[in-house]
>>> print(open('final_9.txt').read())   # compact mmCIF, C-alpha atoms and all ligand atoms
# COMPACT_ATOMS: atom_id res chain seq x y z
CA MET X 1 -45.62 141.53 106.16
CA THR X 2 -45.43 137.78 105.48
CA SER X 3 -45.04 135.68 108.58
CA ARG X 4 -41.56 134.29 108.82
CA LYS X 5 -40.36 131.27 110.66
CA PHE X 6 -37.09 129.57 111.34
CA PRO X 7 -35.65 127.56 109.62
CA SER X 8 -37.49 128.31 106.36
CA THR X 9 -36.25 131.81 106.97
CA ARG X 10 -32.65 132.29 107.94
CA LEU X 11 -31.85 136.00 107.65
CA ARG X 12 -28.17 135.17 107.75
CA ARG X 13 -28.41 133.76 104.20
CA LEU X 14 -28.36 137.25 102.74
CA ARG X 15 -25.45 138.26 104.96
CA SER X 16 -23.15 135.43 104.01
CA LYS X 17 -20.95 137.17 101.43
CA LYS X 18 -19.87 140.73 100.75
CA ALA X 19 -21.32 140.75 97.23
CA ILE X 20 -24.65 139.44 98.51
CA ARG X 21 -24.77 142.01 101.30
CA SER X 22 -24.13 144.71 98.70
CA VAL X 23 -26.85 143.56 96.34
CA VAL X 24 -29.51 143.60 99.07
CA ALA X 25 -28.27 146.77 100.82
CA GLU X 26 -31.18 149.13 101.49
CA THR X 27 -29.04 152.26 101.75
CA ASN X 28 -26.14 153.22 99.54
CA LEU X 29 -23.87 156.22 99.69
CA LEU X 30 -22.82 158.14 96.59
CA SER X 31 -20.22 160.87 96.36
CA THR X 32 -23.01 163.08 95.00
CA ASP X 33 -24.76 162.78 98.39
CA LEU X 34 -21.91 164.68 100.00
CA ILE X 35 -21.54 168.41 100.56
CA TRP X 36 -18.15 169.60 101.77
CA PRO X 37 -18.04 172.63 104.12
CA LEU X 38 -14.89 174.74 103.62
CA PHE X 39 -13.52 177.62 105.71
CA VAL X 40 -12.15 180.70 103.93
CA MET X 41 -9.82 183.34 105.36
CA GLU X 42 -8.08 186.51 104.15
CA GLY X 43 -4.57 186.45 102.68
CA SER X 44 -2.87 184.46 100.00
CA ASN X 45 -1.14 181.12 99.68
CA ASN X 46 -1.87 180.23 103.28
CA THR X 47 -3.73 177.75 105.44
CA GLN X 48 -4.36 177.62 109.18
CA PRO X 49 -5.22 174.58 111.25
CA ILE X 50 -8.40 174.74 113.36
CA GLU X 51 -7.37 173.53 116.79
CA THR X 52 -10.71 172.03 117.76
CA MET X 53 -11.19 170.28 114.39
CA PRO X 54 -8.00 168.29 113.74
CA GLY X 55 -7.52 167.75 110.01
CA VAL X 56 -9.71 170.71 108.98
CA LYS X 57 -8.11 173.98 107.90
CA ARG X 58 -8.99 177.51 106.94
CA HIS X 59 -7.78 178.38 103.44
CA THR X 60 -7.07 181.63 101.66
CA VAL X 61 -9.15 182.08 98.51
CA ASP X 62 -6.37 180.91 96.17
CA LYS X 63 -5.98 177.75 98.27
CA ILE X 64 -9.72 177.13 98.34
CA LEU X 65 -9.52 176.65 94.59
CA PHE X 66 -7.36 173.56 95.11
CA GLN X 67 -9.93 172.17 97.53
CA CYS X 68 -12.66 172.77 94.96
CA GLU X 69 -10.64 170.99 92.30
CA LYS X 70 -10.17 168.08 94.68
CA ALA X 71 -13.89 167.97 95.40
CA LEU X 72 -14.76 167.66 91.72
CA GLU X 73 -12.07 165.01 91.17
CA LEU X 74 -13.64 162.99 93.97
CA GLY X 75 -17.14 163.35 92.53
CA ILE X 76 -18.31 165.83 95.19
CA ASN X 77 -20.49 168.35 93.37
CA MET X 78 -21.27 170.78 96.18
CA VAL X 79 -19.30 172.83 98.66
CA ALA X 80 -20.51 175.14 101.41
CA LEU X 81 -18.24 178.13 102.00
CA PHE X 82 -17.87 179.78 105.43
CA PRO X 83 -15.77 182.92 105.96
CA LYS X 84 -13.58 183.84 108.92
CA ILE X 85 -13.89 187.59 109.03
CA GLU X 86 -11.05 189.72 110.44
CA LYS X 87 -11.83 191.28 113.82
CA ASP X 88 -11.57 194.87 112.57
CA LYS X 89 -14.28 194.18 109.98
CA LYS X 90 -16.82 193.08 112.60
CA ASP X 91 -19.40 195.37 114.19
CA PRO X 92 -22.59 194.92 116.23
CA PHE X 93 -24.71 194.94 113.04
CA GLY X 94 -22.60 192.61 110.92
CA SER X 95 -22.39 195.30 108.23
CA ASN X 96 -19.61 193.57 106.34
CA ALA X 97 -22.10 190.84 105.36
CA ASN X 98 -23.64 193.29 102.89
CA ASP X 99 -20.41 194.41 101.25
CA GLU X 100 -20.18 193.06 97.71
CA ASN X 101 -16.39 192.93 97.99
CA ASN X 102 -16.26 191.07 101.28
CA LEU X 103 -14.26 187.86 101.66
CA ILE X 104 -17.07 185.44 100.85
CA CYS X 105 -18.18 187.33 97.72
CA ARG X 106 -14.62 187.46 96.40
CA CYS X 107 -14.28 183.76 97.10
CA VAL X 108 -17.57 182.84 95.40
CA ARG X 109 -16.66 184.85 92.30
CA ASP X 110 -13.26 183.15 92.07
CA VAL X 111 -14.60 179.65 92.64
CA LYS X 112 -17.41 180.06 90.11
CA LYS X 113 -14.99 181.55 87.56
CA HIS X 114 -12.70 178.52 87.76
CA PHE X 115 -15.28 175.81 88.43
CA PRO X 116 -18.64 176.89 87.04
CA GLU X 117 -20.00 173.36 87.40
CA LEU X 118 -19.31 173.19 91.14
CA ILE X 119 -22.40 174.06 93.17
CA VAL X 120 -21.61 176.67 95.80
CA ILE X 121 -23.72 177.08 98.93
CA CYS X 122 -23.42 180.18 101.13
CA ASP X 123 -24.80 180.65 104.62
CA VAL X 124 -27.12 183.56 105.27
CA ALA X 125 -26.62 184.64 108.90
CA LEU X 126 -24.71 187.43 110.57
CA ASP X 127 -22.60 185.46 113.06
CA PRO X 128 -19.27 185.55 111.20
CA TYR X 129 -19.69 189.33 110.88
CA THR X 130 -21.03 190.50 114.26
CA SER X 131 -18.69 191.56 117.06
CA HIS X 132 -20.89 189.65 119.56
CA GLY X 133 -21.09 186.45 117.48
CA HIS X 134 -24.89 186.24 117.30
CA ASP X 135 -26.70 185.47 114.05
CA GLY X 136 -28.73 188.66 114.25
CA ILE X 137 -28.78 192.24 115.43
CA LEU X 138 -28.53 192.53 119.21
CA LYS X 139 -30.24 195.25 121.22
CA ASP X 140 -30.55 195.26 125.02
CA ASP X 141 -29.68 191.55 125.09
CA VAL X 142 -32.40 190.68 122.58
CA ILE X 143 -31.83 189.51 119.00
CA LEU X 144 -34.17 191.67 116.95
CA ASN X 145 -36.10 189.45 114.53
CA ASP X 146 -37.52 191.86 111.96
CA GLU X 147 -34.52 194.20 111.84
CA THR X 148 -32.30 191.16 111.32
CA ASN X 149 -34.53 190.00 108.46
CA ASP X 150 -33.96 193.31 106.68
CA SER X 151 -30.23 192.73 106.89
CA LEU X 152 -30.54 189.07 105.80
CA ILE X 153 -32.39 190.19 102.67
CA LYS X 154 -29.45 192.41 101.76
CA GLN X 155 -26.97 189.64 102.53
CA SER X 156 -28.93 187.21 100.33
CA LEU X 157 -29.02 189.62 97.39
CA THR X 158 -25.29 190.31 97.83
CA LEU X 159 -24.51 186.57 97.74
CA ALA X 160 -26.83 186.00 94.80
CA ALA X 161 -25.11 188.79 92.86
CA ALA X 162 -21.71 187.25 93.65
CA GLY X 163 -22.92 184.13 91.85
CA CYS X 164 -23.51 181.44 94.45
CA ASP X 165 -25.97 178.71 93.47
CA ILE X 166 -27.73 178.10 96.76
CA ILE X 167 -28.30 180.39 99.70
CA ALA X 168 -28.76 178.75 103.05
CA PRO X 169 -30.35 180.88 105.77
CA SER X 170 -29.00 179.44 109.02
CA ASP X 171 -30.05 182.28 111.31
CA MET X 172 -33.42 180.97 112.60
CA MET X 173 -35.23 184.31 112.49
CA ASP X 174 -39.00 183.95 111.98
CA GLY X 175 -40.33 184.84 108.55
CA ARG X 176 -36.97 185.25 106.87
CA ILE X 177 -37.50 182.69 104.10
CA GLY X 178 -40.58 184.52 102.81
CA LYS X 179 -38.87 187.90 102.93
CA ILE X 180 -35.76 186.60 101.19
CA ARG X 181 -37.78 184.73 98.53
CA ASN X 182 -39.79 187.86 97.81
CA ALA X 183 -36.66 189.98 97.41
CA LEU X 184 -35.03 187.38 95.14
CA GLU X 185 -38.11 187.33 92.89
CA LYS X 186 -38.20 191.11 92.70
CA ASN X 187 -34.51 191.38 91.89
CA ASN X 188 -34.56 188.83 89.11
CA PHE X 189 -32.92 185.98 91.01
CA LYS X 190 -35.92 183.77 90.30
CA ASP X 191 -33.93 180.54 90.08
CA MET X 192 -31.96 180.99 93.27
CA ILE X 193 -32.32 177.86 95.40
CA ILE X 194 -33.08 178.39 99.08
CA LEU X 195 -31.81 175.67 101.39
CA SER X 196 -33.35 176.53 104.72
CA TYR X 197 -31.71 175.45 107.94
CA ALA X 198 -35.29 174.87 109.07
CA ALA X 199 -34.88 172.56 112.06
CA LYS X 200 -31.74 173.98 113.55
CA TYR X 201 -31.24 173.21 117.22
CA ALA X 202 -29.48 175.32 119.84
CA SER X 203 -26.68 172.79 120.06
CA ALA X 204 -23.41 172.52 121.93
CA PHE X 205 -22.14 170.54 118.94
CA TYR X 206 -21.45 173.81 117.06
CA GLY X 207 -18.60 174.76 119.41
CA PRO X 208 -15.68 173.90 117.09
CA PHE X 209 -17.34 175.68 114.12
CA ARG X 210 -17.56 178.85 116.18
CA ASP X 211 -13.79 178.59 116.75
CA ALA X 212 -13.31 178.04 113.03
CA VAL X 213 -15.13 181.24 112.03
CA GLY X 214 -14.02 183.15 115.12
CA ALA X 215 -17.53 183.65 116.54
CA GLY X 216 -19.02 182.62 119.83
CA LYS X 217 -16.76 183.69 122.66
CA LEU X 218 -19.21 186.43 123.71
CA LEU X 219 -22.55 184.69 123.27
CA GLY X 220 -23.67 184.95 126.91
CA ASP X 221 -25.39 182.42 129.16
CA GLU X 222 -28.31 181.57 126.94
CA GLY X 223 -26.16 181.13 123.84
CA LYS X 224 -28.48 181.06 120.83
CA ALA X 225 -31.40 179.44 122.69
CA THR X 226 -33.72 182.42 122.14
CA TYR X 227 -33.79 181.77 118.39
CA GLN X 228 -32.54 178.24 117.67
CA MET X 229 -34.72 175.22 118.56
CA ASP X 230 -34.81 173.58 121.97
CA PRO X 231 -33.26 170.07 121.84
CA ARG X 232 -36.24 168.77 123.84
CA ASN X 233 -38.66 169.50 120.99
CA LYS X 234 -39.80 167.37 118.10
CA SER X 235 -43.25 168.50 116.88
CA GLU X 236 -41.96 172.04 116.67
CA ALA X 237 -39.62 170.90 113.87
CA ILE X 238 -42.73 170.17 111.78
CA SER X 239 -43.93 173.75 112.26
CA GLU X 240 -40.52 175.19 111.39
CA VAL X 241 -40.31 173.13 108.19
CA ALA X 242 -43.94 173.73 107.15
CA LEU X 243 -43.51 177.49 107.55
CA ASP X 244 -40.28 177.56 105.57
CA ILE X 245 -41.75 175.48 102.73
CA ASN X 246 -44.80 177.74 102.57
CA GLU X 247 -42.51 180.76 102.46
CA GLY X 248 -40.52 179.41 99.50
CA ALA X 249 -37.75 177.07 100.66
CA ASP X 250 -36.69 174.50 98.03
CA ILE X 251 -34.77 172.25 100.41
CA VAL X 252 -34.82 172.01 104.19
CA MET X 253 -32.11 170.96 106.58
CA VAL X 254 -31.91 169.31 109.98
CA LYS X 255 -28.93 170.17 112.13
CA PRO X 256 -27.04 168.64 113.94
CA ALA X 257 -27.48 165.17 112.44
CA MET X 258 -26.49 162.25 114.66
CA PRO X 259 -28.33 163.28 117.85
CA TYR X 260 -31.37 164.27 115.71
CA LEU X 261 -31.94 161.23 113.48
CA ASP X 262 -35.56 161.05 114.67
CA ILE X 263 -36.09 164.58 113.37
CA ILE X 264 -34.55 163.71 109.99
CA LYS X 265 -36.89 160.71 109.74
CA GLN X 266 -39.91 162.75 110.76
CA ILE X 267 -39.20 165.52 108.24
CA SER X 268 -38.37 163.23 105.33
CA ASP X 269 -41.50 161.13 106.01
CA ASN X 270 -43.81 164.13 106.25
CA PHE X 271 -42.68 166.50 103.52
CA ASP X 272 -42.16 166.04 99.83
CA ILE X 273 -39.13 168.28 99.32
CA PRO X 274 -35.52 167.17 99.85
CA CYS X 275 -34.28 167.04 103.42
CA PHE X 276 -30.55 167.57 103.97
CA ALA X 277 -28.69 166.98 107.21
CA TYR X 278 -25.55 168.60 108.62
CA GLN X 279 -23.07 166.42 110.47
CA VAL X 280 -21.73 169.41 112.38
CA SER X 281 -18.31 170.34 113.69
CA GLY X 282 -18.78 168.78 117.14
CA GLU X 283 -19.85 165.48 115.61
CA TYR X 284 -16.72 165.58 113.45
CA SER X 285 -14.41 166.48 116.34
CA MET X 286 -15.89 163.83 118.60
CA LEU X 287 -15.22 161.09 116.05
CA ILE X 288 -11.78 162.42 115.11
CA ALA X 289 -10.72 162.55 118.77
CA ALA X 290 -11.66 158.90 119.23
CA ILE X 291 -10.01 157.93 115.92
CA GLN X 292 -6.80 159.73 116.87
CA ASN X 293 -6.73 157.94 120.19
CA GLY X 294 -7.09 154.63 118.41
CA TRP X 295 -10.43 154.01 120.15
CA LEU X 296 -12.51 153.82 116.97
CA SER X 297 -11.52 152.58 113.54
CA GLU X 298 -11.36 155.43 111.06
CA ASN X 299 -12.99 154.33 107.85
CA ASP X 300 -15.63 152.12 109.43
CA ILE X 301 -16.77 154.68 111.94
CA ILE X 302 -16.92 157.52 109.40
CA SER X 303 -18.98 155.61 106.85
CA GLU X 304 -21.28 154.17 109.52
CA SER X 305 -21.97 157.65 110.90
CA ILE X 306 -22.91 158.93 107.45
CA LEU X 307 -24.90 155.85 106.43
CA GLY X 308 -27.03 156.24 109.55
CA ILE X 309 -27.89 159.80 108.57
CA LYS X 310 -28.80 158.74 105.04
CA ARG X 311 -30.83 155.75 106.28
CA ALA X 312 -32.81 158.10 108.54
CA GLY X 313 -33.95 159.92 105.40
CA ALA X 314 -31.42 162.63 104.50
CA SER X 315 -31.03 163.02 100.76
CA ALA X 316 -27.67 164.77 101.12
CA ILE X 317 -25.26 165.33 103.98
CA LEU X 318 -22.97 168.21 104.81
CA THR X 319 -19.90 166.65 106.37
CA TYR X 320 -16.28 167.56 107.02
CA PHE X 321 -15.52 163.92 106.19
CA ALA X 322 -16.74 164.41 102.60
CA PRO X 323 -13.33 163.95 100.90
CA VAL X 324 -12.42 160.92 103.04
CA ILE X 325 -15.73 159.24 102.29
CA ALA X 326 -15.55 160.06 98.59
CA GLU X 327 -12.03 158.63 98.45
CA ASN X 328 -13.22 155.43 100.14
CA LEU X 329 -16.17 155.19 97.77
CA LYS X 330 -13.76 155.50 94.84
CA GLN X 331 -11.62 152.67 96.22
CA GLY X 332 -14.75 150.55 96.68
CA GLN X 333 -14.23 150.48 100.43
CA ILE X 334 -17.76 151.41 101.44
C1 LIG X 401 -24.10 179.98 111.53
C2 LIG X 401 -23.82 178.54 111.45
C3 LIG X 401 -23.40 177.67 112.47
C4 LIG X 401 -23.13 176.46 111.85
C5 LIG X 401 -23.43 176.58 110.50
N1 LIG X 401 -23.86 177.88 110.26
C6 LIG X 401 -23.15 177.91 113.92
C7 LIG X 401 -24.18 178.42 114.80
O1 LIG X 401 -25.36 178.49 114.47
O2 LIG X 401 -23.80 178.81 115.90
C8 LIG X 401 -22.60 175.24 112.55
C9 LIG X 401 -21.88 174.25 111.70
C10 LIG X 401 -21.02 173.30 112.44
O3 LIG X 401 -21.00 173.25 113.69
O4 LIG X 401 -20.30 172.54 111.75
N2 LIG X 401 -25.35 180.39 111.82
>>> encode(input="final_9.txt", output="structure tokens", more="lines below")
Ligand code: PBG
Amino acid sequence: MTSRKFPSTRLRRLRSKKAIRSVVAETNLLSTDLIWPLFVMEGSNNTQPIETMPGVKRHTVDKILFQCEKALELGINMVALFPKIEKDKKDPFGSNANDENNLICRCVRDVKKHFPELIVICDVALDPYTSHGHDGILKDDVILNDETNDSLIKQSLTLAAAGCDIIAPSDMMDGRIGKIRNALEKNNFKDMIILSYAAKYASAFYGPFRDAVGAGKLLGDEGKATYQMDPRNKSEAISEVALDINEGADIVMVKPAMPYLDIIKQISDNFDIPCFAYQVSGEYSMLIAAIQNGWLSENDIISESILGIKRAGASAILTYFAPVIAENLKQGQI
């Protein structure tokens, strides 16, 4: 670092005009950095608002197609699909996750048929499918790790057969990436990309998402703290990521994003595979609530929140703001 002194150095020189600020900007957002999470529900020609996420809706499969078309028009190349499973299809084991004609498989097949170039990510976890809302199989108040892994393998193969491009285990069971990778290799899904939710914290910021997919009312006092990471921990994220990479993950994810920027930085500095970040439902709802009250200014606050995540080291960001940001990028407003 050269030594700098005033007035030979005036850092304000490079801030004096918009065009100059742009040319020296260290971080830039692209629409291809954005991944848009979408909620799917049963039925046709219908949408439903999600009360705790103003502006976000659940869509029937036919309506999801319009969202996918919009994504591509805006230059967003990836969507992540999340199903809201009907109550009568849920059971303690999340069996519906392994049904090749379940909602998410039908949706993936339809989306890929109409938009083969759109990259589709599917979560691997049992929470939308279990009657208790946990990501795994529950017995005597314990989430069974190895039994859950057996089910996650089946769910992964079911999603791969439906044609999704990326599977994203978000369940936080130990050893699941290796088991899933092994099964994919054996079943001739050798090119399936695994995006591991590797450093996934037991966060209160997931509350609105659990409303959106209808999971979470029955989680109990500890919530998901016996399998998701403790928000007090940092080094442990290194172990989680190292294990998942060794087991065959192609991309890792940190989640939530804004309260965990230090973790994003740590992971992207220490590992040589892409690190994604998820700006989760609670982060979205928090900003939207302030925007709707007129307390924060919409476009500025949204782009600043995403730029911060990218600056910390995320190579792509899952965000419910994806279409708004992409629209602003198109208009040259970021
Ligand atoms: C499911 C899953 C969750 C989210 C993504 N996948 C919720 C959870 O773990 O309880 C949260 C996403 C969000 O809050 O936007 N395992």
>>> residues_near_ligand(input="final_9.txt", ligand="ligand LIG 401 (chain X)", cutoff="7 Å", atoms="only C-alpha atoms and all ligand atoms", output="mmCIF file with C-alpha atoms, keeping the file's coordinate frame")
data_model
loop_
_atom_site.group_PDB
_atom_site.id
_atom_site.type_symbol
_atom_site.label_atom_id
_atom_site.label_comp_id
_atom_site.auth_asym_id
_atom_site.auth_seq_id
_atom_site.Cartn_x
_atom_site.Cartn_y
_atom_site.Cartn_z
ATOM 1 C CA ASP X 123 -24.800 180.650 104.620
ATOM 2 C CA ALA X 125 -26.620 184.640 108.900
ATOM 3 C CA ASP X 127 -22.600 185.460 113.060
ATOM 4 C CA ASP X 135 -26.700 185.470 114.050
ATOM 5 C CA SER X 170 -29.000 179.440 109.020
ATOM 6 C CA ASP X 171 -30.050 182.280 111.310
ATOM 7 C CA PHE X 205 -22.140 170.540 118.940
ATOM 8 C CA TYR X 206 -21.450 173.810 117.060
ATOM 9 C CA GLY X 207 -18.600 174.760 119.410
ATOM 10 C CA PRO X 208 -15.680 173.900 117.090
ATOM 11 C CA PHE X 209 -17.340 175.680 114.120
ATOM 12 C CA ARG X 210 -17.560 178.850 116.180
ATOM 13 C CA GLN X 279 -23.070 166.420 110.470
ATOM 14 C CA VAL X 280 -21.730 169.410 112.380
ATOM 15 C CA SER X 281 -18.310 170.340 113.690
ATOM 16 C CA GLY X 282 -18.780 168.780 117.140
#
>>> axis_aligned_box(input="final_9.txt", around="range 238-241 of chain X", padding_each_side="6 Å", output="JSON")
{"center_x": -42.1, "center_y": 172.7, "center_z": 110.2, "size_x": 15.6, "size_y": 17.0, "size_z": 16.1}
>>> residues_near_point(input="final_9.txt", point="(-20.6, 156.3, 105.9)", cutoff="12 Å", atoms="all atoms listed in the file", output="PDB file with C-alpha atoms, in the frame of the given file")
ATOM      1  CA  THR X  27     -29.040 152.260 101.750  1.00  0.00           C
ATOM      2  CA  ASN X  28     -26.140 153.220  99.540  1.00  0.00           C
ATOM      3  CA  LEU X  29     -23.870 156.220  99.690  1.00  0.00           C
ATOM      4  CA  LEU X  30     -22.820 158.140  96.590  1.00  0.00           C
ATOM      5  CA  SER X  31     -20.220 160.870  96.360  1.00  0.00           C
ATOM      6  CA  ASP X  33     -24.760 162.780  98.390  1.00  0.00           C
ATOM      7  CA  LEU X  34     -21.910 164.680 100.000  1.00  0.00           C
ATOM      8  CA  GLN X 279     -23.070 166.420 110.470  1.00  0.00           C
ATOM      9  CA  GLU X 298     -11.360 155.430 111.060  1.00  0.00           C
ATOM     10  CA  ASN X 299     -12.990 154.330 107.850  1.00  0.00           C
ATOM     11  CA  ASP X 300     -15.630 152.120 109.430  1.00  0.00           C
ATOM     12  CA  ILE X 301     -16.770 154.680 111.940  1.00  0.00           C
ATOM     13  CA  ILE X 302     -16.920 157.520 109.400  1.00  0.00           C
ATOM     14  CA  SER X 303     -18.980 155.610 106.850  1.00  0.00           C
ATOM     15  CA  GLU X 304     -21.280 154.170 109.520  1.00  0.00           C
ATOM     16  CA  SER X 305     -21.970 157.650 110.900  1.00  0.00           C
ATOM     17  CA  ILE X 306     -22.910 158.930 107.450  1.00  0.00           C
ATOM     18  CA  LEU X 307     -24.900 155.850 106.430  1.00  0.00           C
ATOM     19  CA  GLY X 308     -27.030 156.240 109.550  1.00  0.00           C
ATOM     20  CA  ILE X 309     -27.890 159.800 108.570  1.00  0.00           C
ATOM     21  CA  LYS X 310     -28.800 158.740 105.040  1.00  0.00           C
ATOM     22  CA  ARG X 311     -30.830 155.750 106.280  1.00  0.00           C
ATOM     23  CA  ILE X 317     -25.260 165.330 103.980  1.00  0.00           C
ATOM     24  CA  THR X 319     -19.900 166.650 106.370  1.00  0.00           C
ATOM     25  CA  PHE X 321     -15.520 163.920 106.190  1.00  0.00           C
ATOM     26  CA  ALA X 322     -16.740 164.410 102.600  1.00  0.00           C
ATOM     27  CA  PRO X 323     -13.330 163.950 100.900  1.00  0.00           C
ATOM     28  CA  VAL X 324     -12.420 160.920 103.040  1.00  0.00           C
ATOM     29  CA  ILE X 325     -15.730 159.240 102.290  1.00  0.00           C
ATOM     30  CA  ALA X 326     -15.550 160.060  98.590  1.00  0.00           C
ATOM     31  CA  GLU X 327     -12.030 158.630  98.450  1.00  0.00           C
ATOM     32  CA  ASN X 328     -13.220 155.430 100.140  1.00  0.00           C
ATOM     33  CA  LEU X 329     -16.170 155.190  97.770  1.00  0.00           C
ATOM     34  CA  GLN X 333     -14.230 150.480 100.430  1.00  0.00           C
ATOM     35  CA  ILE X 334     -17.760 151.410 101.440  1.00  0.00           C
TER      36      ILE X 334
END
>>> closest_residue(input="final_9.txt", among="X:Asp221, X:Asp110, X:Glu51, X:Asp269", to="Cys164 in chain X", atoms="all atoms listed in the file")
X:Asp110
>>> residues_around(input="final_9.txt", residues="Glu73 in chain X", least_positions_apart="2", cutoff="12 Å", atoms="all atoms listed in the file", output="list in words")
Ser31, Thr32, Phe66, Gln67, Cys68, Glu69, Lys70, Ala71, Gly75, Ile76, Asn77, Met78, Phe115, Leu118, Pro323, Ala326, Glu327 and Lys330 of chain X
>>> atom_distance(input="final_9.txt", atom1="CA of Glu26 in chain X", atom2="CA of Ser268 in chain X")
16.3 Å
>>> residues_around(input="final_9.txt", residues="Ser297 in chain X", least_positions_apart="6", cutoff="10 Å", atoms="only C-alpha atoms", output="list in words")
Leu287, Ile288, Ala290 and Ile291 of chain X
>>> closest_residue(input="final_9.txt", among="X:Glu222, X:Asp62, X:Asp99, X:Asp91", to="Asp141 in chain X", atoms="all atoms listed in the file")
X:Glu222
>>> closest_residue(input="final_9.txt", among="X:Glu86, X:Asp211, X:Glu185, X:Asp272", to="Leu103 in chain X", atoms="only C-alpha atoms")
X:Glu86
>>> atom_distance(input="final_9.txt", atom1="CA of His59 in chain X", atom2="CA of Ser131 in chain X")
21.9 Å
>>> residues_around(input="final_9.txt", residues="Ala242 in chain X", least_positions_apart="4", cutoff="10 Å", atoms="only C-alpha atoms", output="ChimeraX atom specification")
/X:198,236-238,246-247,249,252,267,270-271
>>> residues_near_point(input="final_9.txt", point="(-26.2, 175.3, 104.7)", cutoff="9 Å", atoms="all atoms listed in the file", output="number ranges by chain")
X: 37, 80-81, 121-124, 166-170, 195-197, 253, 276, 278, 318
>>> closest_residue(input="final_9.txt", among="X:Val61, X:Leu74, X:Met286, X:Val213", to="Pro49 in chain X", atoms="only C-alpha atoms")
X:Val213
>>> closest_residue(input="final_9.txt", among="X:Pro116, X:Pro274, X:Gly223, X:Gly178", to="Ala314 in chain X", atoms="only C-alpha atoms")
X:Pro274
>>> atom_distance(input="final_9.txt", atom1="CA of Lys87 in chain X", atom2="CA of Ala289 in chain X")
29.2 Å
>>> closest_residue(input="final_9.txt", among="X:Ala19, X:Ala25, X:Val79, X:Met192", to="Ala161 in chain X", atoms="only C-alpha atoms")
X:Met192
>>> residues_around(input="final_9.txt", residues="Lys200 in chain X", least_positions_apart="5", cutoff="10 Å", atoms="only C-alpha atoms", output="list in words")
Ser170, Asp171, Met172, Tyr227, Gln228, Met229, Asp230, Pro231, Ala237, Glu240, Met253, Val254, Lys255, Pro256, Ala257, Tyr260, Ala277 and Tyr278 of chain X
>>> residues_around(input="final_9.txt", residues="Lys84 in chain X", least_positions_apart="3", cutoff="9 Å", atoms="all atoms listed in the file", output="MDAnalysis selection string")
chainID X and resid 39:42 58 103:104 128:129 212:215
